[in-house]
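Peer 1: What follows is my_file21.txt; its format and atoms are compact mmCIF, C-alpha atoms.
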# COMPACT_ATOMS: atom_id res chain seq x y z
CA MET H 214 -5.84 28.65 -3.40
CA GLY H 215 -8.07 28.34 -0.36
CA ASP H 216 -7.42 28.19 3.34
CA PRO H 217 -5.50 25.11 4.52
CA ARG H 218 -7.76 22.22 5.51
CA ASN H 219 -7.22 19.15 7.65
CA VAL H 220 -5.78 16.15 5.81
CA VAL H 221 -5.86 12.46 6.81
CA LEU H 222 -3.88 9.69 5.10
CA VAL H 223 -5.00 6.11 5.77
CA THR H 224 -2.63 3.37 4.60
CA ILE H 225 -4.09 -0.15 4.50
CA ASP H 226 -1.49 -2.89 4.35
CA SER H 227 -2.06 -5.53 1.63
CA LEU H 228 -5.47 -4.35 0.33
CA ARG H 229 -6.13 -5.64 -3.19
CA ALA H 230 -7.73 -3.24 -5.65
CA ASP H 231 -10.18 -5.90 -6.82
CA ARG H 232 -11.75 -6.06 -3.34
CA CYS H 233 -13.09 -2.51 -3.70
CA GLY H 234 -16.52 -1.95 -5.24
CA HIS H 235 -15.45 1.14 -7.17
CA LEU H 236 -12.73 -0.98 -8.80
CA GLY H 237 -15.04 -3.82 -9.81
CA HIS H 238 -15.87 -5.99 -6.80
CA ASP H 239 -19.57 -6.74 -6.34
CA GLY H 240 -19.50 -8.17 -2.83
CA GLY H 241 -20.09 -4.96 -0.90
CA LEU H 242 -16.88 -5.25 1.12
CA THR H 243 -15.92 -1.55 1.05
CA PRO H 244 -19.07 0.60 1.05
CA THR H 245 -17.42 3.52 2.89
CA ILE H 246 -14.33 3.62 0.71
CA ASP H 247 -16.53 3.28 -2.38
CA GLU H 248 -18.64 6.25 -1.30
CA LEU H 249 -15.48 8.31 -0.85
CA ALA H 250 -14.42 7.26 -4.34
CA GLU H 251 -17.79 8.01 -5.92
CA ASP H 252 -18.01 11.50 -4.43
CA GLY H 253 -14.30 12.34 -4.54
CA LEU H 254 -11.08 11.74 -6.43
CA ARG H 255 -10.40 8.16 -7.48
CA PHE H 256 -7.48 6.68 -9.40
CA HIS H 257 -8.19 3.49 -11.34
CA ASN H 258 -4.56 2.78 -12.21
CA ALA H 259 -2.71 3.59 -8.99
CA ILE H 260 0.55 1.65 -8.90
CA ALA H 261 2.68 0.73 -5.88
CA PRO H 262 6.37 1.60 -6.40
CA ASP H 263 7.39 -1.69 -4.77
CA GLY H 264 5.75 -4.98 -3.89
CA SER H 265 6.48 -4.68 -0.17
CA THR H 266 5.84 -2.23 2.66
CA ARG H 267 9.54 -1.49 3.00
CA GLY H 268 9.95 -0.10 -0.50
CA SER H 269 6.48 1.34 -0.94
CA SER H 270 6.23 3.21 2.36
CA THR H 271 9.53 5.05 2.02
CA THR H 272 8.35 6.19 -1.41
CA PHE H 273 4.89 7.50 -0.51
CA MET H 274 6.33 9.14 2.60
CA THR H 275 9.08 11.01 0.72
CA GLY H 276 7.80 11.30 -2.84
CA ASP H 277 10.95 9.59 -4.15
CA TYR H 278 11.70 6.03 -5.13
CA PRO H 279 13.84 3.87 -2.81
CA PHE H 280 17.59 3.98 -3.09
CA ASP H 281 19.12 1.11 -5.03
CA ARG H 282 22.17 -0.05 -3.13
CA PRO H 283 23.15 -3.63 -3.99
CA GLY H 284 24.65 -5.39 -1.00
CA VAL H 285 23.32 -2.86 1.53
CA ASP H 286 21.01 -4.21 4.23
CA ARG H 287 17.40 -3.27 3.45
CA ARG H 288 16.88 -1.92 6.95
CA GLU H 289 19.73 0.54 6.54
CA THR H 290 18.45 1.50 3.07
CA ILE H 291 15.15 2.56 4.64
CA ARG H 292 16.91 4.65 7.28
CA ARG H 293 19.12 6.34 4.68
CA GLN H 294 16.18 7.34 2.54
CA LEU H 295 14.23 8.80 5.45
CA ARG H 296 17.28 10.73 6.64
CA ALA H 297 18.15 12.10 3.20
CA ARG H 298 14.74 13.27 2.00
CA ASP H 299 11.86 15.43 3.08
CA THR H 300 8.92 13.49 4.46
CA ILE H 301 5.28 14.33 3.89
CA ALA H 302 5.08 15.30 7.56
CA GLU H 303 7.88 17.83 7.13
CA ARG H 304 6.12 19.33 4.12
CA PHE H 305 2.90 19.76 6.08
CA GLY H 306 4.86 21.08 9.06
CA ARG H 307 6.30 23.89 6.94
CA MET H 308 2.74 24.73 5.89
CA GLY H 309 1.83 25.33 9.55
CA TYR H 310 0.18 21.96 10.21
CA GLU H 311 0.23 19.99 13.42
CA THR H 312 1.21 16.44 12.47
CA GLY H 313 0.44 13.08 14.02
CA ALA H 314 0.89 9.43 13.11
CA PHE H 315 -0.24 6.04 14.38
CA THR H 316 1.28 2.93 12.80
CA ALA H 317 0.89 -0.69 13.79
CA ASN H 318 3.52 -1.90 11.29
CA PRO H 319 7.07 -2.29 12.70
CA TRP H 320 8.50 -1.56 9.24
CA THR H 321 7.16 1.99 9.52
CA SER H 322 8.30 2.53 13.09
CA ARG H 323 10.56 5.20 14.59
CA SER H 324 13.39 2.65 14.45
CA PHE H 325 13.54 3.31 10.71
CA GLY H 326 12.98 7.07 10.95
CA PHE H 327 9.31 7.28 10.02
CA ASP H 328 8.72 9.63 12.94
CA LYS H 329 10.71 12.32 11.11
CA GLY H 330 8.64 15.51 10.93
CA PHE H 331 5.75 14.31 13.10
CA ASP H 332 4.84 16.29 16.22
CA HIS H 333 3.23 13.15 17.63
CA PHE H 334 4.22 9.64 16.52
CA GLU H 335 2.98 6.38 18.00
CA ASP H 336 4.29 3.02 16.79
CA PHE H 337 3.26 1.02 19.88
CA MET H 338 6.75 -0.39 20.21
CA ASP H 339 7.54 0.66 23.77
CA ASP H 340 4.77 -1.27 25.48
CA THR H 341 4.69 -4.39 23.31
CA THR H 342 6.91 -7.27 22.41
CA SER H 343 8.23 -5.30 19.44
CA ASN H 344 11.76 -5.46 20.79
CA ARG H 345 11.64 -9.05 19.57
CA PHE H 346 11.01 -7.86 16.02
CA ASP H 347 14.64 -7.71 14.95
CA VAL H 348 14.53 -4.23 13.42
CA ASP H 349 18.12 -3.46 14.33
CA GLY H 350 19.65 -6.79 13.42
CA ASN H 351 20.52 -8.50 10.20
CA GLY H 352 17.82 -11.14 10.23
CA ASP H 353 14.81 -12.56 12.00
CA GLY H 354 16.74 -15.14 13.98
CA GLY H 355 15.52 -18.11 11.99
CA ALA H 356 12.20 -19.79 11.28
CA VAL H 357 11.67 -21.22 14.77
CA ARG H 358 12.27 -17.89 16.48
CA GLY H 359 10.14 -16.09 13.91
CA THR H 360 7.24 -18.49 14.43
CA ALA H 361 7.50 -18.13 18.21
CA ILE H 362 7.41 -14.34 17.89
CA ARG H 363 4.32 -14.49 15.67
CA LEU H 364 2.51 -16.78 18.09
CA LEU H 365 3.23 -14.58 21.10
CA ASP H 366 2.29 -11.42 19.20
CA TRP H 367 -0.97 -13.05 18.08
CA TRP H 368 -1.76 -14.06 21.68
CA GLU H 369 -1.11 -10.52 22.93
CA GLY H 370 -2.65 -8.72 19.93
CA GLN H 371 0.52 -6.82 19.04
CA GLU H 372 2.47 -5.66 16.00
CA MET H 373 1.07 -7.20 12.80
CA PHE H 374 -1.83 -8.58 14.85
CA MET H 375 -3.03 -5.20 16.18
CA SER H 376 -6.65 -4.49 15.36
CA TRP H 377 -7.56 -0.89 14.61
CA GLU H 378 -9.99 -0.88 17.53
CA SER H 379 -7.14 -1.56 19.94
CA PHE H 380 -5.66 1.91 19.32
CA TYR H 381 -8.54 3.93 17.93
CA ASP H 382 -9.08 5.70 21.26
CA ASP H 383 -5.53 7.09 20.93
CA ILE H 384 -6.32 8.40 17.45
CA GLU H 385 -9.57 9.97 18.62
CA ARG H 386 -7.88 11.73 21.53
CA TRP H 387 -5.23 13.16 19.24
CA ILE H 388 -7.85 14.44 16.78
CA ARG H 389 -9.69 16.21 19.61
CA SER H 390 -6.53 17.83 20.95
CA ALA H 391 -4.76 18.72 17.68
CA GLU H 392 -4.63 22.33 16.55
CA GLU H 393 -6.06 22.87 13.09
CA PRO H 394 -5.04 22.50 10.40
CA TYR H 395 -3.62 19.06 11.09
CA PHE H 396 -2.18 16.18 9.08
CA LEU H 397 -2.83 12.68 10.39
CA TRP H 398 -1.35 9.42 9.09
CA VAL H 399 -2.73 6.04 10.16
CA PHE H 400 -1.21 2.73 9.05
CA LEU H 401 -3.51 -0.30 9.49
CA VAL H 402 -2.42 -3.94 9.42
CA ASP H 403 -5.78 -5.72 9.81
CA VAL H 404 -5.76 -6.90 6.17
CA HIS H 405 -2.16 -8.16 6.35
CA MET H 406 -1.55 -11.89 6.79
CA PRO H 407 -2.47 -13.78 8.91
CA TYR H 408 -6.07 -13.18 7.87
CA ILE H 409 -7.88 -13.38 11.20
CA PRO H 410 -10.73 -10.89 11.54
CA PRO H 411 -12.50 -10.22 14.87
CA LYS H 412 -14.75 -13.00 16.13
CA GLU H 413 -17.95 -11.28 15.04
CA TYR H 414 -16.65 -11.33 11.46
CA LEU H 415 -15.04 -14.77 11.62
CA ARG H 416 -16.75 -17.73 10.01
CA PHE H 417 -15.65 -21.35 10.56
CA TRP H 418 -12.86 -20.27 12.89
CA PRO H 419 -11.13 -23.70 13.20
CA LEU H 420 -10.75 -23.88 9.42
CA THR H 421 -9.57 -20.25 9.31
CA TYR H 422 -6.78 -20.94 11.77
CA ALA H 423 -5.84 -24.13 9.95
CA ALA H 424 -5.69 -22.30 6.62
CA ASN H 425 -3.44 -19.59 8.08
CA ALA H 426 -1.17 -22.24 9.57
CA TRP H 427 -0.97 -23.83 6.12
CA LEU H 428 -0.07 -20.43 4.68
CA PHE H 429 2.75 -19.86 7.16
CA GLY H 430 3.94 -23.39 6.53
CA GLY H 431 4.77 -22.59 2.90
CA ALA H 432 1.52 -22.63 0.96
CA ASN H 433 1.44 -23.34 -2.73
CA ASP H 434 -1.43 -23.33 -5.17
CA ARG H 435 -1.42 -27.10 -5.61
CA THR H 436 -1.85 -28.08 -1.97
CA SER H 437 -5.38 -27.23 -0.86
CA PRO H 438 -8.15 -25.47 -2.81
CA LEU H 439 -10.20 -25.63 0.40
CA PHE H 440 -7.60 -23.67 2.38
CA ARG H 441 -7.21 -21.16 -0.43
CA LYS H 442 -10.96 -20.57 -0.43
CA GLN H 443 -10.96 -20.16 3.34
CA LEU H 444 -8.05 -17.71 3.24
CA LEU H 445 -9.88 -15.59 0.67
CA SER H 446 -13.03 -15.63 2.79
CA ALA H 447 -11.10 -14.60 5.91
CA TYR H 448 -9.26 -11.92 3.92
CA ASP H 449 -12.57 -10.48 2.72
CA ARG H 450 -13.80 -10.26 6.30
CA THR H 451 -10.68 -8.28 7.28
CA VAL H 452 -11.42 -5.91 4.40
CA GLU H 453 -14.96 -5.40 5.69
CA TYR H 454 -13.62 -4.76 9.18
CA THR H 455 -11.13 -2.20 7.88
CA ASP H 456 -13.86 -0.38 5.96
CA ASP H 457 -15.58 0.04 9.32
CA PHE H 458 -12.49 1.91 10.51
CA VAL H 459 -12.86 4.38 7.64
CA ALA H 460 -16.53 4.91 8.53
CA THR H 461 -15.66 5.50 12.19
CA LEU H 462 -12.87 7.91 11.29
CA LEU H 463 -15.07 9.93 8.93
CA ASP H 464 -17.56 10.52 11.73
CA ASP H 465 -14.77 11.99 13.87
CA VAL H 466 -12.96 14.16 11.31
CA GLY H 467 -16.00 15.66 9.55
CA ASP H 468 -16.83 16.54 5.95
CA ASP H 469 -14.31 19.39 5.70
CA THR H 470 -11.32 17.07 6.04
CA ALA H 471 -9.63 15.63 2.95
CA VAL H 472 -9.34 11.89 3.59
CA CYS H 473 -7.01 9.80 1.43
CA VAL H 474 -7.29 5.99 1.58
CA HIS H 475 -4.83 3.71 -0.20
CA ALA H 476 -2.96 0.42 0.04
CA ASP H 477 0.81 0.15 0.22
CA HIS H 478 0.59 -2.94 -2.02
CA GLY H 479 -1.84 -5.75 -2.80
CA GLU H 480 -1.76 -9.46 -2.11
CA LEU H 481 -1.47 -12.79 -3.94
CA PHE H 482 -3.76 -15.77 -3.43
CA GLY H 483 -2.34 -18.41 -5.71
CA GLU H 484 -1.69 -16.23 -8.76
CA ASP H 485 1.41 -17.63 -10.48
CA GLY H 486 1.47 -20.20 -7.66
CA ARG H 487 2.31 -17.55 -5.05
CA TYR H 488 0.85 -16.15 -1.82
CA GLY H 489 1.60 -12.93 0.03
CA HIS H 490 3.34 -10.02 -1.69
CA GLY H 491 6.71 -8.83 -2.97
CA TYR H 492 6.31 -10.44 -6.38
CA LEU H 493 5.13 -7.78 -8.87
CA HIS H 494 1.93 -9.37 -10.13
CA GLU H 495 -0.94 -7.03 -11.06
CA SER H 496 -2.73 -8.09 -7.87
CA VAL H 497 0.19 -6.64 -5.92
CA ILE H 498 1.09 -3.46 -7.80
CA ASN H 499 -2.38 -2.14 -8.78
CA VAL H 500 -3.76 -0.65 -5.56
CA PRO H 501 -6.73 1.46 -4.39
CA LEU H 502 -6.15 5.21 -4.10
CA VAL H 503 -9.03 7.59 -3.34
CA VAL H 504 -9.38 11.02 -1.75
CA GLY H 505 -12.73 11.92 -0.23
CA ASN H 506 -14.26 15.32 0.48
CA VAL H 507 -12.67 16.85 -2.62
CA PRO H 508 -14.23 17.52 -6.07
CA ALA H 509 -15.34 14.33 -7.79
CA GLU H 510 -13.08 13.04 -10.56
CA ARG H 511 -12.15 9.69 -12.07
CA VAL H 512 -8.54 9.35 -13.28
CA ASP H 513 -7.62 6.47 -15.60
CA ARG H 514 -4.04 7.40 -16.43
CA PRO H 515 -1.43 5.73 -14.20
CA VAL H 516 -0.27 7.36 -11.00
CA SER H 517 2.45 6.13 -8.67
CA LEU H 518 2.09 6.24 -4.89
CA GLU H 519 5.23 8.35 -5.17
CA ALA H 520 2.82 11.23 -5.91
CA ILE H 521 1.01 11.15 -2.55
CA PRO H 522 2.98 14.00 -0.88
CA GLU H 523 2.50 16.30 -3.88
CA LEU H 524 -1.15 15.32 -4.25
CA LEU H 525 -2.14 15.84 -0.61
CA THR H 526 -0.21 19.05 0.02
CA GLY H 527 -1.87 20.45 -3.09
CA LEU H 528 -5.38 19.32 -2.18
CA ALA H 529 -4.86 20.76 1.31
CA VAL H 530 -5.06 24.27 -0.19
CA GLY H 531 -7.57 23.53 -2.94
CA ASP H 532 -5.08 22.83 -5.75
CA ARG H 533 -5.39 19.45 -7.51
CA PRO H 534 -1.93 18.83 -9.01
CA THR H 535 -1.58 16.72 -12.15
CA VAL H 536 0.16 13.66 -10.75
CA GLU H 537 -1.02 11.12 -13.31
CA ARG H 538 1.42 10.14 -16.06
CA PRO H 539 1.44 8.21 -19.36
CA TYR H 540 3.22 5.42 -17.52
CA VAL H 541 4.84 4.72 -14.15
CA THR H 542 7.50 2.26 -13.02
CA THR H 543 7.92 -0.17 -10.15
CA ARG H 544 10.56 -2.65 -9.05
CA ASN H 545 11.51 -5.02 -6.26
CA ASN H 546 14.64 -6.39 -4.60
CA ALA H 547 14.46 -9.60 -6.63
CA GLY H 548 15.39 -7.76 -9.82
CA MET H 549 11.91 -7.36 -11.31
CA ARG H 550 11.34 -4.13 -13.26
CA ILE H 551 7.92 -3.00 -14.50
CA ALA H 552 6.79 -0.17 -16.78
CA ARG H 553 3.02 0.20 -16.47
CA GLY H 554 0.69 2.21 -18.73
CA SER H 555 -3.11 2.36 -18.54
CA ASN H 556 -3.52 -0.73 -20.73
CA TRP H 557 -0.02 -2.09 -21.21
CA ARG H 558 2.71 -3.54 -19.08
CA TYR H 559 6.35 -4.31 -19.78
CA GLN H 560 8.13 -6.62 -17.33
CA ARG H 561 11.79 -7.50 -17.09
CA THR H 562 13.31 -10.06 -14.72
CA THR H 563 16.59 -11.92 -14.52
CA GLY H 564 14.86 -14.66 -16.51
CA GLY H 565 13.68 -12.55 -19.43
CA GLU H 566 11.07 -9.99 -20.44
CA SER H 567 7.41 -9.87 -21.41
CA VAL H 568 4.72 -7.49 -22.65
CA SER H 569 1.04 -7.72 -21.71
CA ILE H 570 -1.91 -5.78 -23.11
CA ARG H 571 -5.21 -5.26 -21.25
CA GLU H 572 -8.28 -5.98 -23.34
CA ASN H 573 -11.82 -6.05 -21.92
CA GLY H 574 -10.41 -6.01 -18.40
CA GLN H 575 -8.12 -9.01 -18.95
CA TRP H 576 -4.35 -9.03 -19.42
CA HIS H 577 -2.95 -10.96 -22.40
CA ARG H 578 0.70 -11.61 -23.07
CA ARG H 579 2.15 -10.60 -26.42
CA GLU H 580 5.19 -12.55 -27.58
CA GLU H 581 6.14 -10.05 -30.29
CA HIS H 582 5.30 -6.39 -29.88
CA PRO H 583 6.99 -2.99 -30.39
CA LEU H 584 6.47 -2.27 -26.68
CA TYR H 585 9.40 -4.56 -25.90
CA GLU H 586 11.85 -1.94 -27.14
CA ILE H 587 9.94 0.94 -25.51
CA GLY H 588 9.66 -0.84 -22.18
CA ARG H 589 13.32 -1.79 -22.22
CA SER H 590 14.33 1.85 -22.50
CA ILE H 591 11.91 2.93 -19.75
CA VAL H 592 13.01 0.54 -17.00
CA ARG H 593 16.64 1.43 -17.54
CA ARG H 594 15.85 4.99 -16.55
CA ARG H 595 12.73 5.65 -14.52
CA ASP H 596 13.38 9.34 -13.72
CA ALA H 597 12.16 10.47 -17.14
CA THR H 598 11.06 14.06 -17.72
CA ASP H 599 7.43 14.82 -18.49
CA ALA H 600 8.40 15.56 -22.11
CA GLU H 601 10.06 12.16 -22.41
CA ARG H 602 7.03 10.50 -20.90
CA GLU H 603 4.76 12.22 -23.40
CA ARG H 604 6.94 11.05 -26.29
CA VAL H 605 6.56 7.50 -25.05
CA ALA H 606 2.80 8.02 -24.66
CA THR H 607 2.57 9.21 -28.25
CA ALA H 608 4.51 6.19 -29.46
CA VAL H 609 2.21 3.85 -27.51
CA ARG H 610 -0.91 5.58 -28.87
CA ASP H 611 0.43 5.12 -32.37
CA LEU H 612 0.57 1.41 -31.65
CA GLU H 613 -3.18 1.55 -30.82
CA VAL H 614 -2.56 0.05 -27.38
The structure given in the file should be rewritten as C-alpha cells.

Peer 2:
Amino acid sequence: MGDPRNVVLVTIDSLRADRCGHLGHDGGLTPTIDELAEDGLRFHNAIAPDGSTRGSSTTFMTGDYPFDRPGVDRRETIRRQLRARDTIAERFGRMGYETGAFTANPWTSRSFGFDKGFDHFEDFMDDTTSNRFDVDGNGDGGAVRGTAIRLLDWWEGQEMFMSWESFYDDIERWIRSAEEPYFLWVFLVDVHMPYIPPKEYLRFWPLTYAANAWLFGGANDRTSPLFRKQLLSAYDRTVEYTDDFVATLLDDVGDDTAVCVHADHGELFGEDGRYGHGYLHESVINVPLVVGNVPAERVDRPVSLEAIPELLTGLAVGDRPTVERPYVTTRNNAGMRIARGSNWRYQRTTGGESVSIRENGQWHRREEHPLYEIGRSIVRRRDATDAERERVATAVRDLEV
C-alpha cells in the first residue's frame, strides 16, 4: 500500500450512461469524463441501487442498501440509515483525511444527516429558499405550492436549479485551504430536470421552456414528439455543461488526486411511456462510474454503487479492491425488484416477472427461460455471500447467457 492520496467524488444527478462517449455515445458530450475513463478505471455495468436520489445516495454514502420499512416515511428512513451506519466521510476521517462536501440537492442535505463525518459541509440551505422544500414534513404541500416553489427557485437559481458555477468558488477555496490528504464530495444537479442549461449552451430557448413546462405538466410519450426532441437536446447541453465542471475541477486538484465521477441514477425520455426517474428501466439503473488518475482498467462485470466507499478508500492507498460481482440487485419503493448480470436481467413487480437477455447491445425479453427461477431466488435475498453469487454465476454461464 502507498501513501494516502487525495480523493474526490463527483455525483451527477440523473446522468444517463448512454450520454457518455466511453459507454457508446458518439456526440462528444463528455470528453473530459471519457478521458478519465480511457486512462483510468471504468465500469461498463455500474448499477444504481435505487431509481431515485433518496435510495441511491444513502447507499453509496454508507456502502449498504436502504432500509426497507413499509409504512415508514421515506424522509425518516433516510435519517435512520445515516444515523445507523458509517458514512464514507467517517471512513476517510479515520484514515486521517480532512473531509468536505458541497451538495446542491436538498435530498442530500444536513436535514437528512448527510453531513455526518464531514469536517466541512455546505448544502446551501441557510441562505436560500430551501426552508420551503418540505424536508421535515410529510409532503410537498400540494401541486400548486410545489409549482410555486419551483418557479421561485428557478428565478433565484437555488436548490435543484443551482448551476455548478454558482458555488464553484466555494469548492476552490476549500481545496486551497484543506490539509492533505483530503476527501471531497460534490453533488451536481445541472443535469436534473428541468433541463435548462446556461444561455450560452441553450438553443431555441422559448421551445426549451415550453418543453419543460410540458414535462412538469405530466408529459407522456404520445403528446409531443417535438417537445421530447427538445427536452433531449436541452438535456444533452446540460451534460456538456457538467463535463466542463469536471474539466475545471481536474485543473484545480491535479493529476495525483483520484477523481471518481458517477451518476446517482439515469433518466427516462419516453421509454415505456415514462419521463424522469424512479422506474427501474435500464436507462435509469445503468449509470456511468469512472475513476481517473488510477491504473487503467475496463470492468465488464456488474458493480453496485454500494461499492463506492470500499472502492475509494482502497484506491486512496493504492489498493484496487474487487468490488465487481456476478450480479447485483436494485429495487424501488413501488415494489420493483431487479437482479442484474452483465448480459441478463430478471425483473419482478407486483404485476408479474420477466427475464431479458442482452444480445449485440440490445435487450430482448424471454418468455420462458431458466433464469426465471434463478432470479426469483436472488431478489428474495440480496445479501448473498460471494460463494453464493459464484454458484449463481456458474449456473448462468451453463445457460450460455

Peer 1: For Ala476 of chain H, list every protein, DNA or RNA residue within 9 Å, evaluated using only C-alpha atoms, and leave out those in the same chain fewer than 5 positions away; present the list as a PDB file with C-alpha atoms, keeping the file's coordinate frame.

Peer 2:
ATOM      1  CA  VAL H 223      -5.000   6.110   5.770  1.00  0.00           C
ATOM      2  CA  THR H 224      -2.630   3.370   4.600  1.00  0.00           C
ATOM      3  CA  ILE H 225      -4.090  -0.150   4.500  1.00  0.00           C
ATOM      4  CA  ASP H 226      -1.490  -2.890   4.350  1.00  0.00           C
ATOM      5  CA  SER H 227      -2.060  -5.530   1.630  1.00  0.00           C
ATOM      6  CA  LEU H 228      -5.470  -4.350   0.330  1.00  0.00           C
ATOM      7  CA  ARG H 229      -6.130  -5.640  -3.190  1.00  0.00           C
ATOM      8  CA  ALA H 230      -7.730  -3.240  -5.650  1.00  0.00           C
ATOM      9  CA  ALA H 261       2.680   0.730  -5.880  1.00  0.00           C
ATOM     10  CA  VAL H 500      -3.760  -0.650  -5.560  1.00  0.00           C
ATOM     11  CA  PRO H 501      -6.730   1.460  -4.390  1.00  0.00           C
ATOM     12  CA  LEU H 502      -6.150   5.210  -4.100  1.00  0.00           C
TER      13      LEU H 502
END

Peer 1: Would you mind telling me which residue in H:Arg593, H:His494, H:Arg553, H:Arg293 lies nearest to Val516 of chain H when using all atoms listed in the file?

Peer 2: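 Ranked by minimum distance to Val516 of chain H, first place goes to H:Arg553.
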
Peer 1: I need the residue nearest Thr455 of chain H from this list: H:Ala600, H:Ile246, H:Ala259, H:Ile551. Use all atoms listed in the file for the distance.

Peer 2: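 So, comparing all the options, the nearest one is H:Ile246.
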
Peer 1: Just to confirm, what's the straight-line distance from atom CA of Phe458 of chain H to atom CA of Met274 of chain H in Å (one decimal)?

Peer 2: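 According to the coordinates, atom CA of Phe458 of chain H and atom CA of Met274 of chain H are separated by 21.7 Å.
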
Peer 1: Please, what distance in Å, to one decimal, runs between atom CA of Gly479 of chain H and atom CA of Arg441 of chain H?

Peer 2: 16.5 Å

Peer 1: Near Phe305 of chain H, within 10 Å and counting only C-alpha atoms, which residues show up once chain neighbours fewer than 6 positions away are dropped, as a PDB file with C-alpha atoms, in the frame of the given file?

Peer 2:
ATOM      1  CA  VAL H 220      -5.780  16.150   5.810  1.00  0.00           C
ATOM      2  CA  GLU H 311       0.230  19.990  13.420  1.00  0.00           C
ATOM      3  CA  THR H 312       1.210  16.440  12.470  1.00  0.00           C
ATOM      4  CA  GLY H 330       8.640  15.510  10.930  1.00  0.00           C
ATOM      5  CA  PHE H 331       5.750  14.310  13.100  1.00  0.00           C
ATOM      6  CA  PRO H 394      -5.040  22.500  10.400  1.00  0.00           C
ATOM      7  CA  TYR H 395      -3.620  19.060  11.090  1.00  0.00           C
ATOM      8  CA  PHE H 396      -2.180  16.180   9.080  1.00  0.00           C
ATOM      9  CA  PRO H 522       2.980  14.000  -0.880  1.00  0.00           C
ATOM     10  CA  LEU H 525      -2.140  15.840  -0.610  1.00  0.00           C
ATOM     11  CA  THR H 526      -0.210  19.050   0.020  1.00  0.00           C
ATOM     12  CA  ALA H 529      -4.860  20.760   1.310  1.00  0.00           C
TER      13      ALA H 529
END

Peer 1: Taking (-13.2, -3.2, 1.1) in the file's coordinates as the center, which residues reach within 9 Å of it, counting all atoms listed in the file, put as an MDAnalysis selection string?

Peer 2: chainID H and resid 228:234 238 240:247 449:456

Peer 1: Excluding Asp277 of chain H and any residue of its chain fewer than 5 positions from it, enumerate the residues within 8 Å of it, using only C-alpha atoms, and give them as a PyMOL selection string.

Peer 2: chain H and resi 271-272+519

Peer 1: So which residues are close to (-1.4, 24.4, -0.1), meaning at most 9 Å away in the file's coordinates with all atoms listed in the file counted, and can you show them as a VMD selection string?

Peer 2: chain H and resid 214 to 218 305 308 525 to 532

Peer 1: Which value, in Å to one decimal, gives the distance between atom CA of Arg589 of chain H and atom CA of Pro279 of chain H?

Peer 2: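 Taking atom CA of Arg589 of chain H and atom CA of Pro279 of chain H, their separation equals 20.2 Å.
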
Peer 1: My list of candidates is H:Ile521, H:Ile388, H:Leu444, H:Leu462. Which is closest to Ala302 of chain H when distances are computed with only C-alpha atoms?

Peer 2: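 Nearest candidate to Ala302 of chain H out of H:Ile521, H:Ile388, H:Leu444, H:Leu462: H:Ile521.
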
Peer 1: Looking at all atoms listed in the file, which of H:Ile301, H:Gly554, H:Phe482, H:Phe273 is the one that sits closest to Pro515 of chain H?

Peer 2: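 The answer is H:Gly554, which sits nearest to Pro515 of chain H.
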
Peer 1: Calculated over all atoms listed in the file, which of the candidates H:Ala520, H:Pro539, H:Asn556, H:Thr321 has the smallest distance to Tyr278 of chain H?

Peer 2: H:Ala520
